[in-house]
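Asks: I'm passing along work.pdb; it holds PDB, C-alpha atoms.
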ATOM      1  CA  MET A   2      16.804 -15.983   2.904
ATOM      2  CA  GLN A   3      13.075 -15.657   2.194
ATOM      3  CA  ASN A   4      10.636 -16.459   5.004
ATOM      4  CA  THR A   5       7.556 -18.260   3.692
ATOM      5  CA  VAL A   6       5.354 -17.552   6.733
ATOM      6  CA  PHE A   7       5.038 -14.124   8.309
ATOM      7  CA  ARG A   8       2.586 -11.992  10.266
ATOM      8  CA  VAL A   9       1.333  -8.829   8.607
ATOM      9  CA  ALA A  10      -0.255  -6.067  10.681
ATOM     10  CA  VAL A  11      -2.625  -3.593   9.011
ATOM     11  CA  GLY A  12      -2.819  -0.289  10.858
ATOM     12  CA  GLN A  13      -6.016   1.628  10.102
ATOM     13  CA  MET A  14      -4.999   4.996  11.511
ATOM     14  CA  CYS A  15      -6.466   8.458  11.871
ATOM     15  CA  PRO A  16      -3.677  11.008  11.354
ATOM     16  CA  GLU A  17      -3.922  14.581  12.573
ATOM     17  CA  LYS A  18      -4.088  16.692   9.435
ATOM     18  CA  GLY A  19      -0.829  18.535   8.857
ATOM     19  CA  HIS A  20       0.807  17.445  12.152
ATOM     20  CA  TYR A  21       3.787  15.344  11.095
ATOM     21  CA  ARG A  22       5.357  14.948  14.572
ATOM     22  CA  ARG A  23       2.075  13.917  16.176
ATOM     23  CA  ASN A  24       1.496  11.375  13.415
ATOM     24  CA  LEU A  25       4.982   9.976  13.954
ATOM     25  CA  GLU A  26       3.966   9.388  17.579
ATOM     26  CA  ILE A  27       0.887   7.469  16.407
ATOM     27  CA  ILE A  28       3.045   5.403  14.050
ATOM     28  CA  GLY A  29       5.546   4.773  16.850
ATOM     29  CA  ALA A  30       2.757   3.482  19.092
ATOM     30  CA  LEU A  31       1.610   1.087  16.356
ATOM     31  CA  ILE A  32       5.170  -0.170  15.847
ATOM     32  CA  SER A  33       5.427  -0.724  19.608
ATOM     33  CA  GLN A  34       2.172  -2.726  19.620
ATOM     34  CA  CYS A  35       3.451  -4.890  16.781
ATOM     35  CA  LEU A  36       6.735  -5.615  18.552
ATOM     36  CA  GLN A  37       5.022  -6.455  21.862
ATOM     37  CA  MET A  38       2.730  -9.082  20.336
ATOM     38  CA  GLU A  39       3.470 -12.740  20.902
ATOM     39  CA  PRO A  40       4.745 -13.572  18.400
ATOM     40  CA  PRO A  41       5.597 -10.093  17.089
ATOM     41  CA  ALA A  42       4.199  -8.869  13.787
ATOM     42  CA  ASP A  43       6.724  -8.918  10.952
ATOM     43  CA  VAL A  44       5.290  -6.269   8.612
ATOM     44  CA  LEU A  45       3.232  -3.190   9.491
ATOM     45  CA  VAL A  46       1.251  -1.637   6.631
ATOM     46  CA  LEU A  47      -0.060   1.915   7.079
ATOM     47  CA  PRO A  48      -2.389   3.980   4.878
ATOM     48  CA  GLU A  49      -1.830   6.513   2.125
ATOM     49  CA  THR A  50      -0.518   9.870   3.471
ATOM     50  CA  ALA A  51      -0.365   8.415   6.992
ATOM     51  CA  THR A  52       2.241  10.979   8.084
ATOM     52  CA  THR A  53       0.190  14.098   7.264
ATOM     53  CA  GLY A  54      -3.400  13.326   6.343
ATOM     54  CA  TYR A  55      -4.680  13.345   2.775
ATOM     55  CA  PHE A  56      -6.526  16.624   2.044
ATOM     56  CA  VAL A  57      -3.644  19.012   2.782
ATOM     57  CA  GLU A  58      -3.797  20.541  -0.739
ATOM     58  CA  GLY A  59      -1.267  23.413  -0.990
ATOM     59  CA  GLY A  60       0.190  22.276   2.328
ATOM     60  CA  VAL A  61       1.966  19.521   0.387
ATOM     61  CA  ARG A  62       4.789  22.019  -0.235
ATOM     62  CA  GLU A  63       5.406  22.442   3.495
ATOM     63  CA  LEU A  64       4.817  18.837   4.513
ATOM     64  CA  ALA A  65       6.545  16.885   1.735
ATOM     65  CA  MET A  66       9.920  15.375   2.578
ATOM     66  CA  SER A  67      12.474  13.048   1.097
ATOM     67  CA  ALA A  68      12.066   9.313   1.576
ATOM     68  CA  GLU A  69      15.481   9.259   3.245
ATOM     69  CA  SER A  70      14.374  11.846   5.840
ATOM     70  CA  LEU A  71      11.235   9.887   6.678
ATOM     71  CA  PHE A  72      13.236   6.654   6.820
ATOM     72  CA  ASN A  73      15.672   8.236   9.301
ATOM     73  CA  ASP A  74      12.826   9.522  11.498
ATOM     74  CA  LEU A  75      11.212   6.079  11.485
ATOM     75  CA  LYS A  76      14.546   4.483  12.306
ATOM     76  CA  CYS A  77      14.838   6.754  15.364
ATOM     77  CA  LEU A  78      11.288   5.828  16.440
ATOM     78  CA  TYR A  79      12.125   2.157  16.139
ATOM     79  CA  SER A  80      15.477   2.487  17.929
ATOM     80  CA  ASP A  81      13.887   4.328  20.879
ATOM     81  CA  LEU A  82      11.736   1.249  21.512
ATOM     82  CA  GLU A  83      14.911  -0.802  22.207
ATOM     83  CA  PRO A  84      13.564  -3.575  19.978
ATOM     84  CA  LYS A  85      14.591  -7.212  19.992
ATOM     85  CA  HIS A  86      12.686  -8.104  16.823
ATOM     86  CA  PRO A  87      13.003  -6.692  13.293
ATOM     87  CA  ILE A  88       9.991  -5.208  11.542
ATOM     88  CA  ASP A  89       9.215  -4.085   8.005
ATOM     89  CA  LEU A  90       7.106  -0.988   7.451
ATOM     90  CA  CYS A  91       5.050   0.216   4.480
ATOM     91  CA  VAL A  92       3.809   3.803   4.953
ATOM     92  CA  GLY A  93       2.288   6.480   2.733
ATOM     93  CA  PHE A  94       3.585  10.075   2.727
ATOM     94  CA  TYR A  95       3.959  13.178   0.577
ATOM     95  CA  GLU A  96       7.420  13.089  -0.952
ATOM     96  CA  LEU A  97       9.796  15.716  -2.289
ATOM     97  CA  TYR A  98      11.923  14.037  -4.947
ATOM     98  CA  GLN A  99      14.171  15.683  -7.525
ATOM     99  CA  GLY A 100      12.367  19.002  -7.213
ATOM    100  CA  GLU A 101       8.818  17.608  -7.532
ATOM    101  CA  TYR A 102       6.112  16.553  -5.099
ATOM    102  CA  PHE A 103       4.622  13.053  -5.128
ATOM    103  CA  ASN A 104       2.020  10.992  -3.300
ATOM    104  CA  SER A 105       4.329   8.132  -2.328
ATOM    105  CA  ALA A 106       4.755   5.107  -0.082
ATOM    106  CA  LEU A 107       8.004   3.612   1.162
ATOM    107  CA  TYR A 108       8.875   0.111   2.283
ATOM    108  CA  ALA A 109      11.703  -0.251   4.795
ATOM    109  CA  THR A 110      13.211  -2.939   7.016
ATOM    110  CA  PHE A 111      14.280  -2.060  10.578
ATOM    111  CA  THR A 112      16.563  -4.343  12.598
ATOM    112  CA  PRO A 113      17.773  -4.291  16.224
ATOM    113  CA  GLN A 114      21.197  -3.444  14.808
ATOM    114  CA  VAL A 115      19.739  -0.225  13.469
ATOM    115  CA  GLU A 116      22.709   0.511  11.229
ATOM    116  CA  HIS A 117      21.651  -2.535   9.196
ATOM    117  CA  SER A 118      18.153  -1.132   8.599
ATOM    118  CA  SER A 119      17.382  -0.456   4.949
ATOM    119  CA  LEU A 120      15.068   1.591   2.750
ATOM    120  CA  ASN A 121      13.952  -1.053   0.251
ATOM    121  CA  HIS A 122      11.643   0.775  -2.127
ATOM    122  CA  VAL A 123       9.625   3.928  -2.835
ATOM    123  CA  HIS A 124       6.507   3.848  -5.004
ATOM    124  CA  ARG A 125       5.139   7.091  -6.454
ATOM    125  CA  LYS A 126       1.413   7.002  -7.197
ATOM    126  CA  PHE A 127       0.888   6.133 -10.851
ATOM    127  CA  PHE A 128      -2.736   7.256 -11.303
ATOM    128  CA  LEU A 129      -3.745  10.589  -9.749
ATOM    129  CA  PRO A 130      -7.511  11.032  -9.226
ATOM    130  CA  THR A 131      -8.665  14.507 -10.211
ATOM    131  CA  TYR A 132     -12.454  14.258 -10.168
ATOM    132  CA  GLY A 133     -15.195  14.639  -7.576
ATOM    133  CA  VAL A 134     -13.554  15.517  -4.254
ATOM    134  CA  PHE A 135     -10.074  14.636  -5.572
ATOM    135  CA  GLU A 136      -7.617  17.201  -6.952
ATOM    136  CA  GLU A 137      -4.286  15.414  -6.817
ATOM    137  CA  GLU A 138      -2.943  16.629 -10.168
ATOM    138  CA  ARG A 139      -3.123  20.191  -8.833
ATOM    139  CA  PHE A 140      -0.655  19.432  -6.046
ATOM    140  CA  VAL A 141       1.528  16.440  -6.916
ATOM    141  CA  ALA A 142       3.277  14.949  -9.937
ATOM    142  CA  ARG A 143       2.506  11.514 -11.317
ATOM    143  CA  GLY A 144       4.874   8.618 -10.781
ATOM    144  CA  SER A 145       5.902   6.684 -13.880
ATOM    145  CA  ARG A 146       7.289   3.396 -12.591
ATOM    146  CA  LEU A 147       5.668   0.131 -11.489
ATOM    147  CA  GLU A 148       8.330  -1.942  -9.774
ATOM    148  CA  VAL A 149       8.601  -5.183  -7.821
ATOM    149  CA  PHE A 150      11.171  -5.398  -5.030
ATOM    150  CA  SER A 151      12.640  -8.095  -2.788
ATOM    151  CA  THR A 152      11.874  -8.263   0.931
ATOM    152  CA  ARG A 153      12.482 -10.762   3.734
ATOM    153  CA  PHE A 154       9.009 -12.022   2.876
ATOM    154  CA  GLY A 155       8.995 -12.558  -0.849
ATOM    155  CA  ARG A 156       8.692 -10.338  -3.882
ATOM    156  CA  SER A 157       6.420  -7.361  -3.265
ATOM    157  CA  ALA A 158       4.904  -4.336  -4.938
ATOM    158  CA  ILE A 159       3.113  -1.208  -3.723
ATOM    159  CA  LEU A 160       0.092   0.298  -5.486
ATOM    160  CA  ILE A 161      -1.515   3.388  -3.936
ATOM    161  CA  CYS A 162      -5.309   3.739  -3.858
ATOM    162  CA  GLU A 163      -6.366   4.837  -7.393
ATOM    163  CA  ASP A 164      -3.609   2.639  -8.810
ATOM    164  CA  VAL A 165      -5.697  -0.490  -8.138
ATOM    165  CA  TRP A 166      -8.789   0.960  -9.834
ATOM    166  CA  HIS A 167      -6.939   0.356 -13.124
ATOM    167  CA  SER A 168      -6.384  -3.340 -13.839
ATOM    168  CA  VAL A 169      -3.234  -2.737 -15.886
ATOM    169  CA  THR A 170      -1.148  -1.855 -12.818
ATOM    170  CA  SER A 171      -1.763  -5.108 -10.952
ATOM    171  CA  MET A 172      -1.227  -7.017 -14.195
ATOM    172  CA  ILE A 173       2.203  -5.425 -14.666
ATOM    173  CA  VAL A 174       3.476  -6.057 -11.133
ATOM    174  CA  ALA A 175       2.126  -9.612 -11.206
ATOM    175  CA  LEU A 176       4.003 -10.261 -14.446
ATOM    176  CA  LYS A 177       7.110  -8.777 -12.828
ATOM    177  CA  GLY A 178       6.910 -11.388 -10.075
ATOM    178  CA  ALA A 179       4.957  -9.882  -7.173
ATOM    179  CA  GLN A 180       3.736 -12.339  -4.537
ATOM    180  CA  VAL A 181       2.266  -9.620  -2.311
ATOM    181  CA  ILE A 182       0.768  -6.268  -3.288
ATOM    182  CA  TYR A 183       0.559  -3.656  -0.524
ATOM    183  CA  VAL A 184      -2.191  -1.080  -1.098
ATOM    184  CA  PRO A 185      -2.131   2.062   1.096
ATOM    185  CA  THR A 186      -5.389   3.991   0.560
ATOM    186  CA  ALA A 187      -7.258   7.125   1.632
ATOM    187  CA  SER A 188     -10.842   6.633   0.484
ATOM    188  CA  PRO A 189     -13.677   8.945   1.633
ATOM    189  CA  ALA A 190     -16.952   7.104   2.191
ATOM    190  CA  ARG A 191     -19.423   7.624  -0.644
ATOM    191  CA  GLY A 192     -22.411   5.981  -2.310
ATOM    192  CA  PHE A 193     -24.560   4.742   0.594
ATOM    193  CA  GLN A 194     -27.199   2.173  -0.378
ATOM    194  CA  GLY A 195     -28.776   0.643   2.698
ATOM    195  CA  ASP A 196     -26.054  -1.070   4.695
ATOM    196  CA  VAL A 197     -23.621  -1.007   1.753
ATOM    197  CA  ILE A 198     -21.022   1.731   1.262
ATOM    198  CA  GLU A 199     -20.248   1.920  -2.442
ATOM    199  CA  ASN A 200     -16.471   2.323  -2.282
ATOM    200  CA  VAL A 201     -16.111  -0.361   0.418
ATOM    201  CA  ASP A 202     -17.928  -2.796  -1.844
ATOM    202  CA  ALA A 203     -15.889  -1.608  -4.844
ATOM    203  CA  TYR A 204     -12.603  -2.316  -3.046
ATOM    204  CA  ARG A 205     -13.814  -5.742  -1.987
ATOM    205  CA  ARG A 206     -14.650  -6.607  -5.595
ATOM    206  CA  MET A 207     -11.429  -5.157  -7.030
ATOM    207  CA  LEU A 208      -9.025  -6.600  -4.487
ATOM    208  CA  THR A 209     -10.539 -10.094  -4.527
ATOM    209  CA  GLN A 210     -10.430 -10.033  -8.330
ATOM    210  CA  ILE A 211      -6.771  -8.909  -8.366
ATOM    211  CA  ALA A 212      -5.800 -11.590  -5.845
ATOM    212  CA  SER A 213      -7.637 -14.432  -7.587
ATOM    213  CA  GLU A 214      -6.710 -13.482 -11.162
ATOM    214  CA  HIS A 215      -3.008 -13.024 -10.414
ATOM    215  CA  THR A 216      -2.855 -15.566  -7.548
ATOM    216  CA  LEU A 217      -1.115 -13.359  -5.004
ATOM    217  CA  PHE A 218      -1.801 -11.728  -1.639
ATOM    218  CA  VAL A 219      -3.311  -8.248  -1.493
ATOM    219  CA  VAL A 220      -2.925  -6.242   1.725
ATOM    220  CA  GLN A 221      -4.792  -2.932   1.923
ATOM    221  CA  SER A 222      -4.475  -0.382   4.722
ATOM    222  CA  SER A 223      -7.043   2.419   4.640
ATOM    223  CA  LEU A 224      -7.140   5.811   6.357
ATOM    224  CA  VAL A 225      -9.903   6.645   8.867
ATOM    225  CA  GLY A 226     -11.102   9.890  10.430
ATOM    226  CA  PHE A 227     -12.503  13.174   9.120
ATOM    227  CA  GLU A 228     -10.813  15.924   7.115
ATOM    228  CA  GLY A 229     -12.793  18.942   5.954
ATOM    229  CA  GLY A 230     -16.107  17.179   6.460
ATOM    230  CA  LYS A 231     -15.039  14.104   4.494
ATOM    231  CA  GLY A 232     -14.966  10.807   6.379
ATOM    232  CA  PHE A 233     -12.409   8.159   5.431
ATOM    233  CA  VAL A 234     -14.005   4.777   5.361
ATOM    234  CA  GLY A 235     -11.408   2.337   6.739
ATOM    235  CA  SER A 236     -12.551  -1.238   6.057
ATOM    236  CA  SER A 237      -9.080  -2.463   5.095
ATOM    237  CA  TRP A 238      -8.918  -5.823   3.325
ATOM    238  CA  VAL A 239      -6.455  -8.722   3.305
ATOM    239  CA  VAL A 240      -7.087 -11.220   0.508
ATOM    240  CA  ASN A 241      -5.308 -14.514  -0.181
ATOM    241  CA  PRO A 242      -4.210 -15.885  -3.598
ATOM    242  CA  PHE A 243      -7.449 -17.877  -3.882
ATOM    243  CA  GLY A 244      -9.436 -14.627  -3.810
ATOM    244  CA  LYS A 245     -10.751 -15.221  -0.282
ATOM    245  CA  VAL A 246     -10.965 -12.368   2.231
ATOM    246  CA  ILE A 247      -8.990 -13.377   5.328
ATOM    247  CA  ALA A 248      -9.390 -10.111   7.244
ATOM    248  CA  GLN A 249     -11.471  -6.931   7.084
ATOM    249  CA  GLY A 250     -11.041  -3.803   9.163
ATOM    250  CA  PRO A 251     -13.967  -2.008  10.822
ATOM    251  CA  ILE A 252     -15.764   0.887   9.167
ATOM    252  CA  GLY A 253     -14.542   4.346  10.129
ATOM    253  CA  GLN A 254     -12.447   3.613  13.216
ATOM    254  CA  PRO A 255      -8.777   2.938  13.989
ATOM    255  CA  ALA A 256      -7.771  -0.707  14.227
ATOM    256  CA  LEU A 257      -4.773  -3.006  14.097
ATOM    257  CA  LEU A 258      -5.407  -6.268  12.246
ATOM    258  CA  VAL A 259      -2.840  -9.064  12.367
ATOM    259  CA  VAL A 260      -2.970 -11.866   9.827
ATOM    260  CA  PRO A 261      -0.606 -14.784   9.103
ATOM    261  CA  ILE A 262       0.579 -14.925   5.503
ATOM    262  CA  HIS A 263       1.693 -18.241   4.001
ATOM    263  CA  LEU A 264       3.641 -17.471   0.834
ATOM    264  CA  ASP A 265       3.511 -21.136  -0.195
ATOM    265  CA  ASP A 266      -0.172 -20.487  -0.945
ATOM    266  CA  VAL A 267       0.941 -18.419  -3.941
ATOM    267  CA  ALA A 268       2.566 -21.425  -5.607
ATOM    268  CA  ILE A 269      -0.378 -23.673  -4.715
ATOM    269  CA  ALA A 270      -2.908 -21.211  -6.153
ATOM    270  CA  ARG A 271      -0.865 -20.764  -9.334
ATOM    271  CA  ALA A 272      -0.687 -24.524  -9.834
ATOM    272  CA  GLN A 273      -4.445 -24.867  -9.377
ATOM    273  CA  LEU A 274      -5.356 -21.912 -11.591
ATOM    274  CA  PRO A 275      -2.535 -20.986 -14.018
ATOM    275  CA  LEU A 276      -4.069 -17.690 -15.194
ATOM    276  CA  LEU A 277      -0.837 -15.779 -14.631
ATOM    277  CA  SER A 278       1.081 -18.327 -16.685
ATOM    278  CA  ASP A 279      -1.501 -17.971 -19.452
ATOM    279  CA  LEU A 280      -1.168 -14.194 -19.300
ATOM    280  CA  ARG A 281       2.611 -14.362 -19.488
ATOM    281  CA  SER A 282       2.416 -16.471 -22.646
ATOM    282  CA  VAL A 283       0.439 -13.783 -24.526
ATOM    283  CA  VAL A 284       2.446 -10.743 -23.378
ATOM    284  CA  PRO A 285       4.146 -10.352 -26.805
ATOM    285  CA  ASP A 286       0.737 -10.141 -28.492
ATOM    286  CA  ILE A 287      -0.527  -7.676 -25.877
ATOM    287  CA  ALA A 288       2.552  -5.550 -26.526
ATOM    288  CA  LEU A 289       1.785  -5.518 -30.252
ATOM    289  CA  HIS A 290      -1.756  -4.304 -29.600
ATOM    290  CA  LEU A 291      -0.497  -1.576 -27.269
ATOM    291  CA  GLN A 292       2.023  -0.459 -29.871
ATOM    292  CA  GLN A 293      -0.767  -0.309 -32.460
ATOM    293  CA  ILE A 294      -2.852   1.901 -30.144
ATOM    294  CA  LEU A 295       0.098   4.230 -29.587
ATOM    295  CA  CYS A 296       0.713   4.503 -33.327
ATOM    296  CA  GLU A 297      -2.959   5.263 -34.021
ATOM    297  CA  GLU A 298      -2.988   8.007 -31.373
ATOM    298  CA  ARG A 299       0.002   9.702 -33.046
ATOM    299  CA  ILE A 300      -1.799   9.922 -36.393
TER
END
Represent the structure contained in this file as structure tokens.
Replies:
Amino acid sequence: MQNTVFRVAVGQMCPEKGHYRRNLEIIGALISQCLQMEPPADVLVLPETATTGYFVEGGVRELAMSAESLFNDLKCLYSDLEPKHPIDLCVGFYELYQGEYFNSALYATFTPQVEHSSLNHVHRKFFLPTYGVFEEERFVARGSRLEVFSTRFGRSAILICEDVWHSVTSMIVALKGAQVIYVPTASPARGFQGDVIENVDAYRRMLTQIASEHTLFVVQSSLVGFEGGKGFVGSSWVVNPFGKVIAQGPIGQPALLVVPIHLDDVAIARAQLPLLSDLRSVVPDIALHLQQILCEERI
């Protein structure tokens, strides 16, 4: 049965680069904080590559692991806390899958009867930035699927960092029925203009636009800390289906934000502004245009 009201916790964390076990301890402490709240948080969202740090480059080969292995380690962390409340977890990691390496994020549900815990979904980053300070295509393969999955708290999707810089990804998961998009990110601070940090402002604009255009919740969790002289910006955002920011994390420091999510707001926003319905009605024509582009590129 779907719960229409839940509490989402956004964990801005600073992982120790390359130290998987230490980062598991940090994640375990955040899970413990969520479970000890009154009332407890229902979903904990952690950043991109939270288990290892982002700029590990060739170290991906040593640090990548299967989603099932990470799920089992997280299940042990959760079980050791002797929990009385279930919790869902979205966490970014480097994944080894079918002989290739990916920048991925999993979503899992953990229950006090730990044998009933489940690995719900794995998203593999669709767009790999390879420009400026980014070199992802050198070290990981590109994911090819954009899926929506069921949770205790509605229909959800995961888009990782660069994925949301391309409007087509949010359009696809919205059309597939997403009510919440979780966005794990690792974004180094860049473009300082007075008090404004360029990529912080860019995420605010993008995420509020995604939320308002597709009338859904967007929950971003952003890495903090320094790796190789590059400082991750933090400033996570939670945006409601009306395009209003309901929470923002601090710049450059760890934090745990907790925000109530009312899924009924999705239906209300879609009734007030039926842009998604309008979009759905023209999908066949969009498909024809895309097919035309593909045909022209083959010539």
Asks: Could you make a table, as JSON lines, of the residues of stretch 5-99 of chain A that have an atom within 10 Å of an atom of stretch 158-180 of chain A, each with its nearest atom pair and distance in Å to one decimal, counting only C-alpha atoms, in chain and number order?
Replies:
{"residue": "A:Pro48", "atom": "CA", "partner": "A:Ile161", "partner_atom": "CA", "distance": 8.9}
{"residue": "A:Glu49", "atom": "CA", "partner": "A:Ile161", "partner_atom": "CA", "distance": 6.8}
{"residue": "A:Thr50", "atom": "CA", "partner": "A:Ile161", "partner_atom": "CA", "distance": 9.9}
{"residue": "A:Cys91", "atom": "CA", "partner": "A:Ile159", "partner_atom": "CA", "distance": 8.5}
{"residue": "A:Gly93", "atom": "CA", "partner": "A:Ile161", "partner_atom": "CA", "distance": 8.3}
Asks: Rank A:Val246, A:Leu224, A:Val123, A:Ala212 by their smallest atom-to-atom distance to A:Thr53, using all atoms listed in the file, and report the top residue only.
Replies: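 Distance minimum relative to A:Thr53 lands on A:Leu224.
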Asks: Pick the closest to A:Gly230 from A:Glu214, A:Leu274, A:Ile287, A:Val134: which is it, counting all atoms listed in the file?
Replies: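 Nearest candidate to A:Gly230 out of A:Glu214, A:Leu274, A:Ile287, A:Val134: A:Val134.
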Asks: Go through A:Gly144, A:Pro285, A:Gly19, A:Gly235 one by one, measure the shortest atom-to-atom distance of each to A:Ala106 using all atoms listed in the file, and give the residue with the smallest value.
Replies: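 Among the listed residues, A:Gly144 lies closest to A:Ala106.
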Asks: Applying 7 Å and all atoms listed in the file, which residues near A:Pro16 remain after dropping the ones on its own chain fewer than 4 positions away? List them as a PyMOL selection string.
Replies: chain A and resi 24+51-54
Asks: Restricting the output to C-alpha atoms, write the selected residues as an mmCIF file, in the coordinates of the input.
Replies:
data_model
loop_
_atom_site.group_PDB
_atom_site.id
_atom_site.type_symbol
_atom_site.label_atom_id
_atom_site.label_comp_id
_atom_site.auth_asym_id
_atom_site.auth_seq_id
_atom_site.Cartn_x
_atom_site.Cartn_y
_atom_site.Cartn_z
ATOM 1 C CA ASN A 24 1.496 11.375 13.415
ATOM 2 C CA ALA A 51 -0.365 8.415 6.992
ATOM 3 C CA THR A 52 2.241 10.979 8.084
ATOM 4 C CA THR A 53 0.190 14.098 7.264
ATOM 5 C CA GLY A 54 -3.400 13.326 6.343
#
Asks: Apply the PyMOL selection byres ((chain A and resi 33) around 10) to the structure shown and report the selected residues as a PyMOL selection string.
Replies: chain A and resi 27-32+34-38+41+78-79+81-84
Asks: List the residues selected by the PyMOL selection byres ((chain A and resi 88) around 8) in the file shown, writing them as a PyMOL selection string.
Replies: chain A and resi 36+42-45+86-87+89-90+110-112
Asks: Quote the spacing between atom CA of A:His20 and atom CA of A:Ser188 in Å to one decimal place.
Replies: 19.7 Å
Asks: So what do you get for atom CA of A:Leu217 versus atom CA of A:Pro185, distance-wise?
Replies: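 Distance reported for this atom pair: 16.6 Å.
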Asks: Rounded to one decimal, what separation in Å do you get between atom CA of A:Asp265 and atom CA of A:Val6?
Replies: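 Computing the Euclidean distance for atom CA of A:Asp265 and atom CA of A:Val6 yields 8.0 Å.
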Asks: Which residue gives the smallest distance to A:Arg156 among A:Leu257, A:His122, A:Phe127, A:Pro275, with only C-alpha atoms counted?
Replies: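 Looking at the shortest contact to A:Arg156, the residue is A:His122.
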Asks: I'd like to know which of A:Leu47, A:Val61, A:Leu71, A:Val184 is closest to A:Arg139, using all atoms listed in the file.
Replies: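 Ranked by minimum distance to A:Arg139, first place goes to A:Val61.
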Asks: Just checking: using all atoms listed in the file, which residue out of A:Glu199, A:Glu17, A:Glu116, A:Asp266 ends up closest to A:Val234?
Replies: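 The shortest atom-to-atom distance to A:Val234 comes from A:Glu199.
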Asks: Taking 4 positions as the minimum chain separation for residues in the same chain, which residues sit within 12 Å of A:Gly100 when counting all atoms listed in the file? Answer as a PyMOL selection string.
Replies: chain A and resi 62+65-67+96+141-142
Asks: Could you list, as a PyMOL selection string, every residue within 7 Å of A:Ala270, counting all atoms listed in the file and ignoring same-chain residues fewer than 2 positions away?
Replies: chain A and resi 216+242-243+266-268+272-274
Asks: Give as a PyMOL selection string the residues that the PyMOL selection byres ((chain A and resi 247) around 12) matches when applied to the coordinates above.
Replies: chain A and resi 9+205+208-209+212+218-221+237-246+248-250+258-263
Asks: Keeping only C-alpha atoms, write the selected residues as a PDB file, in the frame of the given file.
Replies:
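Wrote it out as part_26.pdb, contents follow:
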ATOM      1  CA  VAL A   9       1.333  -8.829   8.607  1.00  0.00           C
ATOM      2  CA  ARG A 205     -13.814  -5.742  -1.987  1.00  0.00           C
ATOM      3  CA  LEU A 208      -9.025  -6.600  -4.487  1.00  0.00           C
ATOM      4  CA  THR A 209     -10.539 -10.094  -4.527  1.00  0.00           C
ATOM      5  CA  ALA A 212      -5.800 -11.590  -5.845  1.00  0.00           C
ATOM      6  CA  PHE A 218      -1.801 -11.728  -1.639  1.00  0.00           C
ATOM      7  CA  VAL A 219      -3.311  -8.248  -1.493  1.00  0.00           C
ATOM      8  CA  VAL A 220      -2.925  -6.242   1.725  1.00  0.00           C
ATOM      9  CA  GLN A 221      -4.792  -2.932   1.923  1.00  0.00           C
ATOM     10  CA  SER A 237      -9.080  -2.463   5.095  1.00  0.00           C
ATOM     11  CA  TRP A 238      -8.918  -5.823   3.325  1.00  0.00           C
ATOM     12  CA  VAL A 239      -6.455  -8.722   3.305  1.00  0.00           C
ATOM     13  CA  VAL A 240      -7.087 -11.220   0.508  1.00  0.00           C
ATOM     14  CA  ASN A 241      -5.308 -14.514  -0.181  1.00  0.00           C
ATOM     15  CA  PRO A 242      -4.210 -15.885  -3.598  1.00  0.00           C
ATOM     16  CA  PHE A 243      -7.449 -17.877  -3.882  1.00  0.00           C
ATOM     17  CA  GLY A 244      -9.436 -14.627  -3.810  1.00  0.00           C
ATOM     18  CA  LYS A 245     -10.751 -15.221  -0.282  1.00  0.00           C
ATOM     19  CA  VAL A 246     -10.965 -12.368   2.231  1.00  0.00           C
ATOM     20  CA  ALA A 248      -9.390 -10.111   7.244  1.00  0.00           C
ATOM     21  CA  GLN A 249     -11.471  -6.931   7.084  1.00  0.00           C
ATOM     22  CA  GLY A 250     -11.041  -3.803   9.163  1.00  0.00           C
ATOM     23  CA  LEU A 258      -5.407  -6.268  12.246  1.00  0.00           C
ATOM     24  CA  VAL A 259      -2.840  -9.064  12.367  1.00  0.00           C
ATOM     25  CA  VAL A 260      -2.970 -11.866   9.827  1.00  0.00           C
ATOM     26  CA  PRO A 261      -0.606 -14.784   9.103  1.00  0.00           C
ATOM     27  CA  ILE A 262       0.579 -14.925   5.503  1.00  0.00           C
ATOM     28  CA  HIS A 263       1.693 -18.241   4.001  1.00  0.00           C
TER      29      HIS A 263
END
Asks: Box in all listed atoms of stretch 249-266 of chain A, axis-aligned, with 8 Å more on each side; write out centre and edge lengths in Å to one decimal as JSON.
Replies:
{"center_x": -6.1, "center_y": -8.4, "center_z": 6.6, "size_x": 35.4, "size_y": 41.5, "size_z": 31.2}
